[in-house]
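J.: Before we start, here is the structure in question, set down as structure tokens.
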Amino acid sequence: MQPTTVVALTQSFELEISYTDGDGDLGSNSAEIYNMFVEDTRTQLPDSVRTLAYSMPNISSNARKPSIQGKIKIKLPPVLPSAYFPPYPNPEKEETFFRVYIVDRAGNKSNVITTPALTITP
């Protein structure tokens with residue numbers, strides 16, 4: 001994750017994950033199918049803003065052996081401070097972690113990874 005400290009509401013950041021898929025069935029040909037999920041672990045946030053859903057393009061292998069591996073880098077939007085939501089705490093800074101997982105075309109959910117801490121400053 002780069003950077004590891006961001007300014008709330010103004011600064012985006014990037015996540016890079018490595019993947020290995022023995023079936024080679026990651027991604028989709030439709031931008032309307034969400035198959036990669038990034039969940040903010042701060043429980044005081046409403047569910048509607050805690051999880052971001054992304055549509056990974058089809059990254060299947062045309063090789064005889066369908067196993068694929070690689071890295072995915074995504075740019076995440078600026079984060080909301082928890083002070084925007086009841087009970088309206090006003091921290092000088094706060095930390096969060098993100099849980100990331102992928103769902104393949106067969107509907108199988110990947111292992112869930114947890115990122116290092118992201119520090120959010122006002």
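Residues are named by chain letter and number: chains run A, B, ... in the order of the structure tokens, numbers start at 1 in each chain, and ligands are numbered from 1 in the order shown.
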Per DSSP on the backbone, filter chain A down to the residues in strand (DSSP E or B) and report them as number ranges by chain.

T.: A: 2, 5-7, 13-21, 28, 36-40, 51-54, 57, 68-76, 94-96, 98-103, 109, 113-114, 118-121

J.: Give the alpha helix (DSSP H) residues of stretch 3-117 of chain A, as assigned by DSSP on the backbone, as an NGL selection string.

T.: :A and (47-50)

J.: I'd like to know which of A:Phe85, A:Phe13, A:Tyr19, A:Tyr101 is closest to A:Tyr34, using only C-alpha atoms.

T.: A:Tyr101

J.: Please provide the set of residues having any atom within 8 Å of A:Ile120, restricted to only C-alpha atoms, with same-chain residues fewer than 2 positions apart removed, written as JSON, numbers by chain.

T.: {"A": [5, 6, 7, 8, 79, 81, 93, 94, 95, 96, 118, 122]}

J.: Between A:Pro66, A:Ala53, A:Thr10, A:Phe37, single out the one closest to A:Ser110, counting only C-alpha atoms.

T.: A:Phe37

J.: Just the number, please: distance in Å from atom CA of A:Pro77 to atom CA of A:Ile102, one decimal.

T.: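 Separation between atom CA of A:Pro77 and atom CA of A:Ile102: 18.9 Å.
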
J.: Taking 3 positions as the minimum chain separation for residues in the same chain, which residues sit within 8 Å of A:Ser30 when counting only C-alpha atoms? Answer as a PyMOL selection string.

T.: chain A and resi 33+55+57

J.: I need the residue nearest A:Leu45 from this list: A:Ser82, A:Asn29, A:Thr4, A:Thr114. Use only C-alpha atoms for the distance.

T.: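 Residue with the minimum atom-to-atom distance to A:Leu45: A:Ser82.
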
J.: May I ask which of the residues A:Asp21, A:Glu92, A:Glu14, A:Asp47 is the closest one to A:Met1, counting only C-alpha atoms?

T.: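 For A:Met1, the nearest of the given residues is A:Glu14.
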
J.: From the set A:Ile72, A:Ala83, A:Val112, A:Met36, which residue has the shortest atom-to-atom contact distance to A:Ser18, counting only C-alpha atoms?

T.: A:Ile72

J.: Could you tell me how far atom CA of A:Thr51 lies from atom CA of A:Arg99, in Å and to one decimal?

T.: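 Interatomic distance, atom CA of A:Thr51 to atom CA of A:Arg99: 9.1 Å.
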
J.: Just checking: using only C-alpha atoms, which residue out of A:Gly107, A:Val49, A:Ser67, A:Phe98 ends up closest to A:Thr119?

T.: A:Phe98
